[in-house]
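Peer 1: Structure file entry22.cif (mmCIF, C-alpha atoms and all ligand atoms) right here:
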data_coords
#
loop_
_atom_site.label_atom_id
_atom_site.label_comp_id
_atom_site.auth_asym_id
_atom_site.auth_seq_id
_atom_site.Cartn_x
_atom_site.Cartn_y
_atom_site.Cartn_z
CA MET A 995 50.41 -47.07 -53.57
CA LYS A 996 47.88 -46.31 -50.86
CA VAL A 997 48.24 -43.28 -48.63
CA MET A 998 46.40 -42.35 -45.45
CA ILE A 999 46.20 -38.76 -44.27
CA ILE A 1000 45.12 -38.02 -40.72
CA GLY A 1001 43.09 -34.90 -39.95
CA SER A 1002 40.03 -32.96 -41.03
CA GLY A 1003 41.10 -29.44 -41.93
CA SER A 1004 41.66 -27.48 -45.10
CA ARG A 1005 45.38 -28.34 -44.75
CA GLU A 1006 44.53 -32.06 -44.97
CA HIS A 1007 42.31 -31.44 -48.01
CA ALA A 1008 45.27 -29.70 -49.71
CA LEU A 1009 47.64 -32.51 -48.74
CA ALA A 1010 45.25 -35.21 -49.99
CA TRP A 1011 44.67 -33.30 -53.26
CA LYS A 1012 48.40 -32.97 -53.85
CA VAL A 1013 49.25 -36.56 -52.88
CA ARG A 1014 46.49 -37.80 -55.21
CA GLN A 1015 48.26 -36.08 -58.14
CA SER A 1016 51.24 -38.41 -57.79
CA PRO A 1017 51.34 -41.01 -60.58
CA LEU A 1018 52.54 -43.48 -57.94
CA VAL A 1019 49.39 -43.15 -55.82
CA GLN A 1020 46.18 -45.02 -56.58
CA GLU A 1021 44.15 -44.38 -53.45
CA VAL A 1022 44.10 -41.76 -50.72
CA PHE A 1023 42.19 -42.21 -47.45
CA VAL A 1024 41.57 -39.34 -45.06
CA ALA A 1025 40.73 -40.01 -41.41
CA PRO A 1026 38.27 -38.54 -40.69
CA GLY A 1027 38.42 -35.99 -43.57
CA ASN A 1028 35.73 -33.41 -44.31
CA GLY A 1029 33.16 -32.35 -46.90
CA GLY A 1030 35.94 -31.43 -49.32
CA THR A 1031 37.91 -34.66 -49.19
CA ALA A 1032 34.58 -36.54 -49.47
CA GLN A 1033 34.03 -34.99 -52.90
CA GLU A 1034 37.48 -35.41 -54.48
CA GLU A 1035 37.94 -38.20 -56.99
CA GLY A 1036 40.26 -40.95 -55.79
CA ILE A 1037 40.02 -39.75 -52.19
CA SER A 1038 37.82 -41.43 -49.56
CA ASN A 1039 37.02 -40.45 -46.01
CA ILE A 1040 37.20 -43.05 -43.28
CA ALA A 1041 35.24 -42.48 -40.10
CA ILE A 1042 38.09 -42.69 -37.60
CA ASP A 1043 38.93 -39.85 -35.25
CA ALA A 1044 42.42 -38.38 -35.64
CA LYS A 1045 43.15 -39.18 -31.97
CA ASP A 1046 41.99 -42.81 -32.13
CA THR A 1047 45.45 -44.31 -32.59
CA ASP A 1048 44.33 -47.93 -32.08
CA ALA A 1049 41.75 -47.70 -34.86
CA LEU A 1050 44.19 -45.89 -37.17
CA VAL A 1051 46.86 -48.56 -36.69
CA SER A 1052 44.32 -51.33 -37.39
CA PHE A 1053 43.02 -49.58 -40.51
CA ALA A 1054 46.55 -49.00 -41.85
CA GLN A 1055 47.42 -52.67 -41.30
CA ASP A 1056 44.16 -54.12 -42.65
CA SER A 1057 44.13 -51.86 -45.72
CA ARG A 1058 47.86 -52.23 -46.39
CA ILE A 1059 48.52 -48.51 -46.35
CA ASP A 1060 51.96 -47.76 -47.82
CA LEU A 1061 52.45 -44.32 -46.25
CA THR A 1062 50.69 -42.32 -43.55
CA LEU A 1063 50.90 -38.54 -43.20
CA VAL A 1064 49.69 -36.69 -40.12
CA GLY A 1065 48.12 -33.21 -40.29
CA PRO A 1066 47.48 -32.08 -36.69
CA GLU A 1067 49.87 -32.11 -33.74
CA ASP A 1068 47.83 -34.04 -31.17
CA PRO A 1069 48.31 -37.53 -32.64
CA LEU A 1070 52.05 -36.85 -33.02
CA VAL A 1071 52.46 -35.61 -29.47
CA GLN A 1072 50.45 -38.65 -28.29
CA GLY A 1073 52.96 -40.98 -29.97
CA LEU A 1074 51.13 -42.12 -33.12
CA VAL A 1075 54.38 -42.44 -35.08
CA ASP A 1076 55.96 -44.74 -32.49
CA ARG A 1077 52.86 -46.97 -32.54
CA PHE A 1078 52.86 -47.15 -36.35
CA ARG A 1079 56.59 -47.89 -36.53
CA ALA A 1080 56.28 -50.62 -33.89
CA ARG A 1081 53.90 -52.41 -36.31
CA GLY A 1082 56.23 -51.91 -39.27
CA LEU A 1083 54.00 -49.24 -40.84
CA THR A 1084 55.62 -46.41 -42.81
CA VAL A 1085 54.75 -42.95 -41.53
CA PHE A 1086 56.29 -39.54 -42.10
CA GLY A 1087 56.29 -37.63 -38.83
CA PRO A 1088 58.23 -37.16 -35.60
CA SER A 1089 58.29 -39.66 -32.75
CA GLN A 1090 56.63 -38.72 -29.46
CA GLN A 1091 59.99 -37.66 -28.02
CA ALA A 1092 60.80 -35.51 -31.06
CA ALA A 1093 57.29 -34.00 -31.14
CA GLN A 1094 58.02 -32.45 -27.72
CA LEU A 1095 59.39 -29.52 -29.70
CA GLU A 1096 55.73 -28.56 -30.08
CA GLY A 1097 54.18 -30.57 -27.24
CA SER A 1098 56.13 -28.81 -24.49
CA LYS A 1099 57.12 -25.18 -24.80
CA ASN A 1100 59.36 -25.68 -21.79
CA PHE A 1101 61.22 -28.47 -23.62
CA ALA A 1102 61.49 -26.31 -26.76
CA LYS A 1103 62.82 -23.26 -24.88
CA ALA A 1104 65.37 -25.29 -22.88
CA PHE A 1105 66.43 -27.09 -26.08
CA MET A 1106 67.00 -23.77 -27.86
CA LYS A 1107 69.00 -22.50 -24.91
CA ARG A 1108 71.17 -25.64 -24.90
CA HIS A 1109 71.89 -25.27 -28.61
CA GLY A 1110 72.30 -21.50 -28.88
CA ILE A 1111 69.24 -21.11 -31.11
CA PRO A 1112 67.98 -17.50 -31.00
CA THR A 1113 64.65 -17.10 -29.19
CA ALA A 1114 63.01 -14.71 -26.71
CA GLU A 1115 64.39 -14.63 -23.15
CA TYR A 1116 62.13 -16.62 -20.84
CA ALA A 1117 61.45 -18.13 -17.47
CA SER A 1118 59.38 -21.20 -16.59
CA PHE A 1119 57.02 -21.49 -13.59
CA THR A 1120 54.77 -23.99 -11.84
CA GLN A 1121 54.22 -21.81 -8.74
CA LEU A 1122 51.84 -18.87 -9.01
CA ASP A 1123 53.59 -16.63 -6.47
CA SER A 1124 56.97 -16.95 -8.21
CA ALA A 1125 55.36 -16.19 -11.59
CA GLU A 1126 53.59 -13.14 -10.13
CA SER A 1127 56.80 -11.77 -8.60
CA TRP A 1128 58.67 -12.24 -11.86
CA ILE A 1129 55.98 -10.37 -13.82
CA ARG A 1130 56.06 -7.46 -11.33
CA GLU A 1131 59.84 -7.32 -11.53
CA LYS A 1132 60.07 -7.47 -15.34
CA GLY A 1133 57.13 -5.26 -16.31
CA THR A 1134 55.07 -5.63 -19.47
CA PRO A 1135 54.63 -6.32 -22.36
CA LEU A 1136 55.20 -10.03 -21.76
CA VAL A 1137 54.00 -13.19 -23.45
CA ILE A 1138 52.45 -15.91 -21.28
CA LYS A 1139 52.30 -19.43 -22.69
CA ALA A 1140 50.82 -22.66 -21.37
CA ASP A 1141 53.52 -25.34 -21.53
CA GLY A 1142 51.42 -28.03 -23.20
CA LEU A 1143 49.07 -28.20 -26.19
CA ALA A 1144 46.11 -25.88 -25.82
CA ALA A 1145 44.52 -26.00 -29.29
CA GLY A 1146 46.26 -22.78 -30.32
CA LYS A 1147 44.72 -20.86 -27.42
CA GLY A 1148 47.48 -21.13 -24.83
CA VAL A 1149 49.34 -17.91 -25.70
CA VAL A 1150 48.44 -14.54 -24.16
CA ILE A 1151 50.16 -11.33 -25.24
CA ALA A 1152 49.93 -9.30 -22.05
CA ARG A 1153 50.33 -5.57 -22.60
CA THR A 1154 49.55 -4.62 -18.99
CA GLU A 1155 50.60 -6.09 -15.65
CA ASP A 1156 46.97 -6.92 -14.86
CA GLU A 1157 46.63 -8.92 -18.08
CA ALA A 1158 49.85 -10.80 -17.36
CA LEU A 1159 48.84 -11.58 -13.76
CA GLY A 1160 45.36 -12.62 -14.93
CA ALA A 1161 46.83 -14.99 -17.53
CA VAL A 1162 49.16 -16.80 -15.10
CA ARG A 1163 46.37 -17.05 -12.52
CA ASP A 1164 44.04 -18.56 -15.14
CA MET A 1165 46.66 -21.10 -16.15
CA LEU A 1166 48.32 -21.99 -12.84
CA ALA A 1167 45.44 -21.56 -10.40
CA GLY A 1168 42.29 -21.45 -12.56
CA ASP A 1169 43.10 -24.64 -14.47
CA VAL A 1170 41.86 -23.06 -17.74
CA PHE A 1171 44.03 -25.37 -19.86
CA GLY A 1172 44.11 -28.32 -17.48
CA LYS A 1173 47.45 -30.17 -17.40
CA ALA A 1174 48.75 -28.15 -20.37
CA GLY A 1175 48.70 -25.04 -18.16
CA SER A 1176 50.19 -26.54 -14.99
CA ARG A 1177 53.48 -25.01 -16.11
CA VAL A 1178 53.75 -21.62 -17.80
CA ILE A 1179 56.48 -20.00 -19.82
CA ILE A 1180 56.76 -16.24 -19.58
CA GLU A 1181 58.80 -14.64 -22.28
CA GLU A 1182 59.97 -11.32 -23.58
CA PHE A 1183 57.69 -9.71 -26.19
CA LEU A 1184 59.33 -9.62 -29.61
CA GLU A 1185 58.46 -7.15 -32.33
CA GLY A 1186 58.85 -7.53 -36.07
CA LYS A 1187 57.44 -9.47 -38.95
CA GLU A 1188 56.34 -13.08 -38.61
CA VAL A 1189 57.45 -15.67 -41.12
CA SER A 1190 56.68 -19.39 -41.27
CA PHE A 1191 59.64 -21.53 -42.27
CA ILE A 1192 58.72 -25.16 -42.89
CA VAL A 1193 61.15 -27.93 -43.79
CA MET A 1194 61.01 -31.67 -44.41
CA THR A 1195 63.66 -33.75 -42.72
CA ASP A 1196 64.46 -37.45 -42.40
CA GLY A 1197 66.49 -36.77 -39.26
CA LYS A 1198 69.67 -35.86 -41.12
CA GLU A 1199 68.91 -34.31 -44.50
CA VAL A 1200 66.81 -31.15 -44.63
CA LEU A 1201 64.68 -29.94 -47.52
CA PRO A 1202 63.20 -26.47 -47.01
CA LEU A 1203 59.75 -25.80 -48.41
CA ALA A 1204 58.85 -22.42 -49.91
CA SER A 1205 58.53 -19.70 -47.28
CA SER A 1206 55.13 -18.43 -46.22
CA GLN A 1207 53.49 -15.81 -44.09
CA ASP A 1208 50.44 -16.48 -41.97
CA HIS A 1209 47.99 -13.79 -40.84
CA LYS A 1210 46.99 -14.87 -37.35
CA ALA A 1211 44.88 -11.99 -36.06
CA ARG A 1212 41.15 -12.21 -36.73
CA TYR A 1213 40.69 -8.76 -38.27
CA ASP A 1214 42.34 -6.67 -40.98
CA GLY A 1215 45.55 -4.86 -40.06
CA GLY A 1216 46.50 -7.45 -37.44
CA GLN A 1217 43.66 -6.44 -35.12
CA GLY A 1218 41.58 -8.61 -32.82
CA PRO A 1219 42.12 -12.00 -31.20
CA ASN A 1220 44.71 -14.54 -32.29
CA THR A 1221 43.34 -17.35 -34.47
CA GLY A 1222 44.79 -20.51 -36.02
CA GLY A 1223 45.40 -18.39 -39.13
CA MET A 1224 43.05 -16.30 -41.29
CA GLY A 1225 45.09 -16.61 -44.47
CA ALA A 1226 48.60 -17.04 -45.78
CA CYS A 1227 50.76 -16.23 -48.75
CA SER A 1228 53.87 -17.81 -50.23
CA PRO A 1229 56.60 -16.68 -50.55
CA ALA A 1230 56.99 -14.43 -47.49
CA SER A 1231 58.19 -11.03 -48.67
CA ALA A 1232 60.45 -10.58 -45.62
CA LEU A 1233 62.48 -13.66 -46.51
CA THR A 1234 65.44 -12.60 -48.64
CA PRO A 1235 67.90 -15.26 -49.92
CA SER A 1236 70.52 -14.20 -47.35
CA LEU A 1237 67.99 -14.38 -44.52
CA HIS A 1238 66.95 -17.81 -45.79
CA GLU A 1239 70.55 -19.02 -45.57
CA HIS A 1240 70.98 -17.46 -42.12
CA ILE A 1241 67.84 -19.24 -40.85
CA MET A 1242 69.04 -22.57 -42.28
CA GLN A 1243 72.48 -22.24 -40.66
CA GLN A 1244 71.56 -20.66 -37.33
CA ILE A 1245 68.17 -22.21 -36.64
CA ILE A 1246 67.08 -25.14 -38.80
CA LEU A 1247 70.29 -27.17 -38.98
CA PRO A 1248 71.17 -26.67 -35.29
CA THR A 1249 67.64 -27.86 -34.45
CA VAL A 1250 67.85 -31.02 -36.55
CA ARG A 1251 71.44 -31.77 -35.47
CA GLY A 1252 70.61 -30.98 -31.83
CA MET A 1253 67.63 -33.35 -31.77
CA GLU A 1254 69.75 -36.10 -33.29
CA ALA A 1255 72.57 -35.48 -30.79
CA GLU A 1256 70.08 -35.70 -27.90
CA GLY A 1257 68.83 -39.07 -29.13
CA HIS A 1258 65.48 -37.84 -30.51
CA ALA A 1259 66.26 -37.62 -34.23
CA TYR A 1260 63.44 -35.57 -35.75
CA SER A 1261 61.85 -36.74 -38.97
CA GLY A 1262 58.76 -35.23 -40.55
CA PHE A 1263 57.65 -31.73 -41.36
CA LEU A 1264 59.16 -29.18 -38.99
CA TYR A 1265 57.55 -25.76 -38.84
CA VAL A 1266 59.47 -22.92 -37.26
CA GLY A 1267 57.54 -19.73 -36.51
CA LEU A 1268 59.95 -16.80 -36.65
CA MET A 1269 59.89 -13.14 -35.72
CA ILE A 1270 62.18 -11.09 -37.96
CA ASP A 1271 63.15 -7.84 -36.25
CA SER A 1272 63.83 -4.49 -37.89
CA ASP A 1273 67.53 -5.41 -38.30
CA SER A 1274 66.47 -8.61 -40.15
CA VAL A 1275 67.50 -10.81 -37.21
CA PRO A 1276 65.26 -13.89 -36.78
CA HIS A 1277 64.16 -15.33 -33.43
CA VAL A 1278 62.16 -18.52 -32.97
CA LEU A 1279 58.64 -17.94 -31.62
CA GLU A 1280 57.61 -21.57 -31.72
CA TYR A 1281 58.22 -24.96 -33.20
CA ASN A 1282 55.37 -26.98 -34.67
CA CYS A 1283 55.86 -30.65 -35.43
CA ARG A 1284 53.68 -30.57 -38.55
CA LEU A 1285 52.65 -28.50 -41.55
CA GLY A 1286 50.94 -25.15 -40.91
CA ASP A 1287 47.30 -24.44 -41.62
CA PRO A 1288 46.70 -22.33 -43.75
CA GLU A 1289 50.36 -21.99 -44.91
CA THR A 1290 50.23 -25.46 -46.50
CA GLN A 1291 47.50 -24.44 -48.94
CA PRO A 1292 49.47 -21.75 -50.88
CA ILE A 1293 52.71 -23.75 -50.47
CA LEU A 1294 51.25 -26.89 -52.04
CA VAL A 1295 49.61 -24.92 -54.85
CA ARG A 1296 53.14 -23.77 -55.74
CA LEU A 1297 54.85 -27.17 -55.35
CA GLU A 1298 55.62 -28.80 -58.68
CA SER A 1299 57.44 -31.85 -57.26
CA ASP A 1300 55.73 -35.08 -56.23
CA ILE A 1301 54.86 -34.65 -52.54
CA PHE A 1302 54.25 -38.39 -52.13
CA GLU A 1303 57.74 -39.24 -53.36
CA LEU A 1304 59.26 -36.64 -51.05
CA CYS A 1305 57.32 -37.82 -48.00
CA LEU A 1306 58.13 -41.47 -48.69
CA ALA A 1307 61.82 -40.56 -49.01
CA GLY A 1308 61.55 -38.61 -45.73
CA ALA A 1309 59.89 -41.52 -43.94
CA THR A 1310 62.55 -44.00 -45.07
CA GLY A 1311 65.67 -41.88 -44.41
CA LYS A 1312 66.32 -41.21 -48.09
CA LEU A 1313 65.69 -37.50 -48.48
CA GLY A 1314 69.29 -36.86 -49.62
CA GLY A 1315 69.48 -35.90 -53.30
CA HIS A 1316 65.84 -34.83 -53.48
CA GLU A 1317 64.86 -31.30 -54.41
CA CYS A 1318 61.63 -29.33 -54.48
CA GLN A 1319 60.63 -27.56 -57.67
CA TRP A 1320 58.45 -24.49 -57.16
CA ASP A 1321 56.14 -22.52 -59.39
CA PRO A 1322 57.77 -19.08 -59.05
CA ARG A 1323 54.37 -17.38 -59.05
CA PRO A 1324 53.18 -16.28 -55.60
CA ALA A 1325 50.08 -17.86 -54.09
CA VAL A 1326 47.56 -16.54 -51.60
CA GLY A 1327 45.12 -18.51 -49.42
CA VAL A 1328 42.18 -16.65 -47.88
CA VAL A 1329 40.36 -18.38 -45.03
CA MET A 1330 36.60 -17.99 -44.84
CA ALA A 1331 35.40 -18.59 -41.30
CA ALA A 1332 32.08 -19.08 -39.56
CA GLU A 1333 30.52 -16.23 -37.59
CA GLY A 1334 31.96 -16.07 -34.08
CA TYR A 1335 35.34 -17.64 -34.95
CA PRO A 1336 37.74 -17.92 -33.05
CA GLY A 1337 35.05 -18.29 -30.37
CA ALA A 1338 32.08 -20.65 -30.47
CA VAL A 1339 30.49 -20.97 -33.91
CA LYS A 1340 27.21 -22.19 -35.33
CA ARG A 1341 27.33 -25.28 -37.55
CA GLY A 1342 25.09 -26.65 -40.27
CA ASP A 1343 24.73 -23.57 -42.52
CA PRO A 1344 24.50 -24.49 -46.25
CA ILE A 1345 27.46 -23.26 -48.32
CA THR A 1346 26.69 -21.93 -51.81
CA GLY A 1347 28.63 -20.67 -54.80
CA LEU A 1348 31.49 -23.17 -54.96
CA ASP A 1349 30.47 -24.18 -58.51
CA ALA A 1350 30.92 -20.58 -59.67
CA VAL A 1351 34.59 -20.45 -58.60
CA GLU A 1352 37.07 -20.22 -61.47
CA ASP A 1353 40.82 -19.95 -61.44
CA ALA A 1354 41.22 -20.74 -57.74
CA LYS A 1355 41.28 -23.91 -55.67
CA VAL A 1356 39.01 -24.13 -52.66
CA PHE A 1357 40.33 -26.37 -49.90
CA LEU A 1358 37.52 -27.21 -47.52
CA GLY A 1359 38.03 -27.37 -43.77
CA GLY A 1360 35.19 -27.26 -41.22
CA THR A 1361 32.53 -28.66 -43.55
CA THR A 1362 30.48 -31.81 -43.89
CA LEU A 1363 28.00 -33.27 -46.34
CA ARG A 1364 24.38 -33.40 -45.10
CA ASP A 1365 22.13 -35.15 -47.63
CA ASP A 1366 24.56 -34.20 -50.41
CA GLN A 1367 24.48 -30.55 -49.34
CA LEU A 1368 27.76 -29.06 -48.15
CA VAL A 1369 27.26 -27.37 -44.77
CA THR A 1370 29.54 -25.62 -42.28
CA ASN A 1371 30.94 -27.76 -39.49
CA GLY A 1372 33.65 -25.76 -37.75
CA GLY A 1373 35.38 -22.40 -37.32
CA ARG A 1374 37.69 -22.22 -40.30
CA VAL A 1375 35.35 -23.44 -43.00
CA LEU A 1376 37.50 -23.24 -46.12
CA CYS A 1377 40.55 -21.65 -47.70
CA VAL A 1378 40.37 -20.14 -51.19
CA THR A 1379 43.80 -20.45 -52.78
CA ALA A 1380 45.06 -18.89 -56.02
CA SER A 1381 48.38 -18.18 -57.65
CA GLY A 1382 49.15 -15.24 -59.93
CA ASP A 1383 51.89 -13.42 -61.83
CA SER A 1384 52.34 -11.17 -58.80
CA LEU A 1385 51.13 -11.24 -55.23
CA GLN A 1386 48.54 -8.62 -56.19
CA HIS A 1387 47.32 -10.77 -59.08
CA ALA A 1388 47.07 -13.83 -56.82
CA ARG A 1389 45.11 -11.73 -54.31
CA GLU A 1390 42.70 -10.51 -56.96
CA LYS A 1391 42.02 -14.04 -58.14
CA ALA A 1392 41.55 -15.39 -54.62
CA TYR A 1393 39.22 -12.56 -53.55
CA LYS A 1394 37.18 -12.82 -56.77
CA ALA A 1395 36.52 -16.44 -55.85
CA VAL A 1396 35.80 -15.52 -52.20
CA GLY A 1397 33.12 -13.13 -53.51
CA LYS A 1398 31.24 -16.03 -55.11
CA ILE A 1399 31.08 -18.21 -51.98
CA HIS A 1400 28.51 -17.63 -49.30
CA TRP A 1401 26.83 -18.94 -46.18
CA LYS A 1402 25.00 -17.20 -43.38
CA GLY A 1403 27.46 -15.21 -41.26
CA CYS A 1404 30.59 -16.09 -43.28
CA CYS A 1405 33.54 -13.80 -42.64
CA PHE A 1406 37.10 -13.28 -43.82
CA ARG A 1407 39.95 -10.77 -43.76
CA SER A 1408 40.29 -8.54 -46.80
CA ASP A 1409 44.05 -7.88 -46.50
CA ILE A 1410 45.61 -11.34 -46.86
CA GLY A 1411 48.86 -11.01 -48.83
CA ALA A 1412 48.42 -7.24 -49.25
CA ALA A 1413 51.70 -5.70 -50.41
CA ASN A 1414 51.77 -3.15 -47.64
CA GLN A 1415 50.74 -5.69 -45.01
CA GLN A 1416 53.09 -5.12 -42.08
CA ASP A 1417 50.98 -6.55 -39.34
CA ASN A 1418 50.16 -10.14 -38.77
P1 LIG A 1501 53.10 -19.52 -30.44
O1 LIG A 1501 52.01 -20.55 -30.35
O2 LIG A 1501 54.16 -19.66 -29.42
O3 LIG A 1501 53.62 -19.30 -31.82
O4 LIG A 1501 52.35 -18.14 -30.24
C1 LIG A 1501 51.24 -17.76 -31.04
C2 LIG A 1501 51.43 -16.37 -31.58
O5 LIG A 1501 51.69 -15.47 -30.50
C3 LIG A 1501 52.63 -16.21 -32.50
O6 LIG A 1501 52.32 -16.55 -33.81
C4 LIG A 1501 52.92 -14.73 -32.35
O7 LIG A 1501 52.02 -13.96 -33.14
C5 LIG A 1501 52.62 -14.48 -30.91
N1 LIG A 1501 53.84 -14.60 -30.08
C6 LIG A 1501 54.32 -15.73 -29.51
N2 LIG A 1501 55.44 -15.48 -28.82
C7 LIG A 1501 55.69 -14.18 -28.94
C8 LIG A 1501 56.72 -13.30 -28.47
N3 LIG A 1501 57.69 -13.74 -27.67
N4 LIG A 1501 56.66 -12.00 -28.83
C9 LIG A 1501 55.65 -11.54 -29.61
N5 LIG A 1501 54.65 -12.31 -30.08
C10 LIG A 1501 54.66 -13.60 -29.76
N1 LIG A 1502 49.01 -21.27 -39.04
C1 LIG A 1502 49.69 -21.57 -37.87
C2 LIG A 1502 49.78 -22.98 -37.51
O1 LIG A 1502 49.48 -23.85 -38.30
O2 LIG A 1502 50.18 -23.28 -36.40
#
In C-alpha cells, what does this structure look like?
Peer 2:
Amino acid sequence: MKVMIIGSGSREHALAWKVRQSPLVQEVFVAPGNGGTAQEEGISNIAIDAKDTDALVSFAQDSRIDLTLVGPEDPLVQGLVDRFRARGLTVFGPSQQAAQLEGSKNFAKAFMKRHGIPTAEYASFTQLDSAESWIREKGTPLVIKADGLAAGKGVVIARTEDEALGAVRDMLAGDVFGKAGSRVIIEEFLEGKEVSFIVMTDGKEVLPLASSQDHKARYDGGQGPNTGGMGACSPASALTPSLHEHIMQQIILPTVRGMEAEGHAYSGFLYVGLMIDSDSVPHVLEYNCRLGDPETQPILVRLESDIFELCLAGATGKLGGHECQWDPRPAVGVVMAAEGYPGAVKRGDPITGLDAVEDAKVFLGGTTLRDDQLVTNGGRVLCVTASGDSLQHAREKAYKAVGKIHWKGCCFRSDIGAANQQDN
C-alpha cells in the first residue's frame, strides 16, 4: 500500500514514521515533509504545498495512493477531503462542513449549545460597539477569539478591560486576522487543568486515543505567550478512568452523534481541548479537526497497534471492532524551538548532535536539508520523544537527549511532564 501524509511538522514526521512501520505499507510520501521525513527509510518528500489541493489530488491519482492522511487544519477546512472523495480517493479526515468544528469557533460554540455539550458561556460579535459594551458590562478576565483560523494566534486571554477592548478592536476594526477576525467570540475565562482528548471516528464508531497533556505557554511554569505547544506527555495525569468515561458520554459521543444528526457526519481524528476544573468537571475549550502537535508524538510512541490499519478502517466506515493497544509506559515529548519563537525566528542554523541521541526518538519539524546538512527552517524545530517506566523516567530520557542537540539560539522548556506541573 502507498500512503500520502500532508504537512511538514514534527507531528507529520511521527505519523509517517508510525505508518511506515505497518507491514501493509510499502511507501510513504509526505507533502511537503521536512528534513526529518527526508531522511527516513521508505519515506519520500514530495514538493507540493499542503494547501495546493489541485496538485495533491493529481499526485494521489497519478501515483495511485491508497490512503491519504492530513496533518494540519487548513487543507481540511478548505475542503481537501471533499475534493479527494469526489475523485474516488481514500482519505481519512473530515469534510469541509464537518471541519467547521475547528474552522469556525462560532459554529463550534453554537453547535455545543444546541447539543448541551459543556463549554464556557459566550457571545458572538461582528460589531465593535456591541462587543465593547458587552466587555464593559461583564468585566474581565475574558477570552477573546477570532472566529476563523488564525494559525493558533487568534486567542487572547484578557486579564484587564483594556486588554479585552484592545483585542476586539484589533480583530474587528484593525483587521489583524483578516476575514478570520471579522467575527469574534468572547467567552468566560475557565480555570483548571488542560487535557487533550483525541479520538478517531468513522462518523459512527469512536476509538479514543491515549490521553495527553500539552504545555502551551512558552516558558516554564506556564509563563509567557501562548504557542502551538512546547511539549506534551501521555497519559494526562488529570484523566482518571471515571473522567474518561464522563468525557466520552457527555462530550465525545454527543459531538459525533450531533454532527451526524445535522448532516455533517464527522470522520477523521477529532481533538477536543478540555479544561478540567477543581471539581473534575470538564468543559470544551476548542475542537480541532486533526491530530495535535506535539501531542501526537508521545501518543504514537505509545501506540502498539497498526495506525495504517486503523486509519484505513476509519476512512472506509469500518472502525467498529477495532481497538488500540497501548504501551502502558508514559511518554514525554519536549519541543526544541528556534530563538524568538513564537514570534519571528531566524532560519538556516545548522543542527548538531542528533547522532549522539540514544534511547529517544527525535521527530523533526521546522528543518530542511541544505547540502546534506540539517538546518533550522521554522519555529518549532523538533520534538524529542521518549518513554520510560514512569513519567519521571521518560522525562529524564527525553531531557538527556535534548542536552545532546544544539543549534545557535535553540530553546526549550525544562518542565515538560514534570510531576508537579499544574500550569500549562
Ligand atoms: P483555543 O484555540 O480556543 O484552544 O485557545 C487556545 C488556548 O487558550 C487554550 O489551549 C487555552 O490555554 C486558552 N483558552 C481558550 N479558551 C479559554 C477559556 N475559555 N478559558 C481559559 N483559557 C482558555
Ligand atoms: N498542541 C495543540 C494543537 O495541536 O492544537
Peer 1: Please identify every polymer residue within 10 Å of ligand LIG 1502 (chain A), using all atoms listed in the file, and present the set as an MDAnalysis selection string.
Peer 2: chainID A and resid 1005 1065:1067 1096 1145:1146 1190 1206:1210 1221:1226 1265:1267 1280:1290
Peer 1: Using all atoms listed in the file, collect all residues at a distance of at most 8 Å from (43.7, -48.8, -47.8) as written in the file, then present them as a list in words.
Peer 2: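 Residues with an atom at most 8 Å from (43.7, -48.8, -47.8): Lys996, Val997, Met998, Glu1021, Val1022, Phe1023, Phe1053, Ala1054, Asp1056, Ser1057, Arg1058 and Ile1059 of chain A.
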Peer 1: Pick from A:Pro1219, A:Gly1110, A:Gly1311, A:Pro1322: nearest to Ile1246 (chain A), with all atoms listed in the file counted?
Peer 2: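 Looking only at the distances to Ile1246 (chain A), the closest residue turns out to be A:Gly1110.
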Peer 1: Please determine, counting all atoms listed in the file, which residue among A:Gly1403, A:Gly1073, A:Pro1344, A:Gly1216 has the shortest atom-to-atom distance to ligand LIG 1501 (chain A).
Peer 2: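 Answer, going by the shortest atom-to-atom distance: A:Gly1216.
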Peer 1: Suppose you want the space between CA of Arg1374 (chain A) and CA of Gly1360 (chain A); what is it in Å?
Peer 2: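 CA of Gly1360 (chain A) lies 5.7 Å from CA of Arg1374 (chain A).
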Peer 1: Would you mind writing region 1101-1107 of chain A with N, CA, C and O atoms, as a short mmCIF file (atom, residue, chain, number, x, y, z; two decimals), keeping the file's coordinate frame?
Peer 2:
data_model
loop_
_atom_site.label_atom_id
_atom_site.label_comp_id
_atom_site.auth_asym_id
_atom_site.auth_seq_id
_atom_site.Cartn_x
_atom_site.Cartn_y
_atom_site.Cartn_z
N PHE A 1101 60.19 -27.65 -22.97
CA PHE A 1101 61.22 -28.47 -23.62
C PHE A 1101 61.84 -27.67 -24.76
O PHE A 1101 63.07 -27.60 -24.90
N ALA A 1102 60.99 -27.04 -25.57
CA ALA A 1102 61.49 -26.31 -26.76
C ALA A 1102 62.41 -25.16 -26.34
O ALA A 1102 63.48 -24.97 -26.92
N LYS A 1103 62.00 -24.41 -25.30
CA LYS A 1103 62.82 -23.26 -24.88
C LYS A 1103 64.16 -23.75 -24.31
O LYS A 1103 65.22 -23.21 -24.63
N ALA A 1104 64.12 -24.78 -23.47
CA ALA A 1104 65.37 -25.29 -22.88
C ALA A 1104 66.27 -25.86 -23.96
O ALA A 1104 67.49 -25.69 -23.93
N PHE A 1105 65.67 -26.53 -24.95
CA PHE A 1105 66.43 -27.09 -26.08
C PHE A 1105 67.14 -25.97 -26.84
O PHE A 1105 68.33 -26.06 -27.16
N MET A 1106 66.39 -24.89 -27.11
CA MET A 1106 67.00 -23.77 -27.86
C MET A 1106 68.13 -23.15 -27.06
O MET A 1106 69.17 -22.78 -27.62
N LYS A 1107 67.95 -23.06 -25.77
CA LYS A 1107 69.00 -22.50 -24.91
C LYS A 1107 70.25 -23.38 -24.98
O LYS A 1107 71.37 -22.89 -25.15
#
